[in-house]
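Notes follow the structure.
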Amino acid sequence: MKASDILASIGVIILLAAFGLNLYKKLPAESKVYSILNFIGAGICCFASWLISFYPFVVLEGIWAFVAMLSLFNVPRGTSVGNE
């Protein structure tokens, strides 16, 4: 097994763990942990895809990691104050 295979497997496991925990209501999508798991998992998958020069997934996982990182700095969803 190559390093890229090992890295990709680790990244996918992290992403699927976050997804499964959210699906079974053990980890809310609004939580920092969920965003951190998505950022780390997608970042690892992005790097593994870059190692094998599979650029469509470099773009996909890079954007996924970037959006997850942005969510760490934003106000949690559902807490905005609207005009009344």
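Residues in the structure tokens are named by chain (A, B, ... in the order shown) and by number from 1 within that chain; ligands are numbered from 1 in the order shown.
Residue neighbourhood of range 42-57 of chain A, excluding near-sequence residues (fewer than 2 positions): Ser4, Leu7, Ala8, Gly11, Asn38, Phe39, Ile40, Val59, Leu60, Glu61, Gly62 and Ala65 of chain A, at 6 Å, using only C-alpha atoms.
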If we count only C-alpha atoms, what is near range 12-21 of chain A at a cut-off of 6 Å, once residues fewer than 4 positions away on the same chain are taken out, given as JSON, numbers by chain? {"A": [26, 27, 34, 38, 41]}
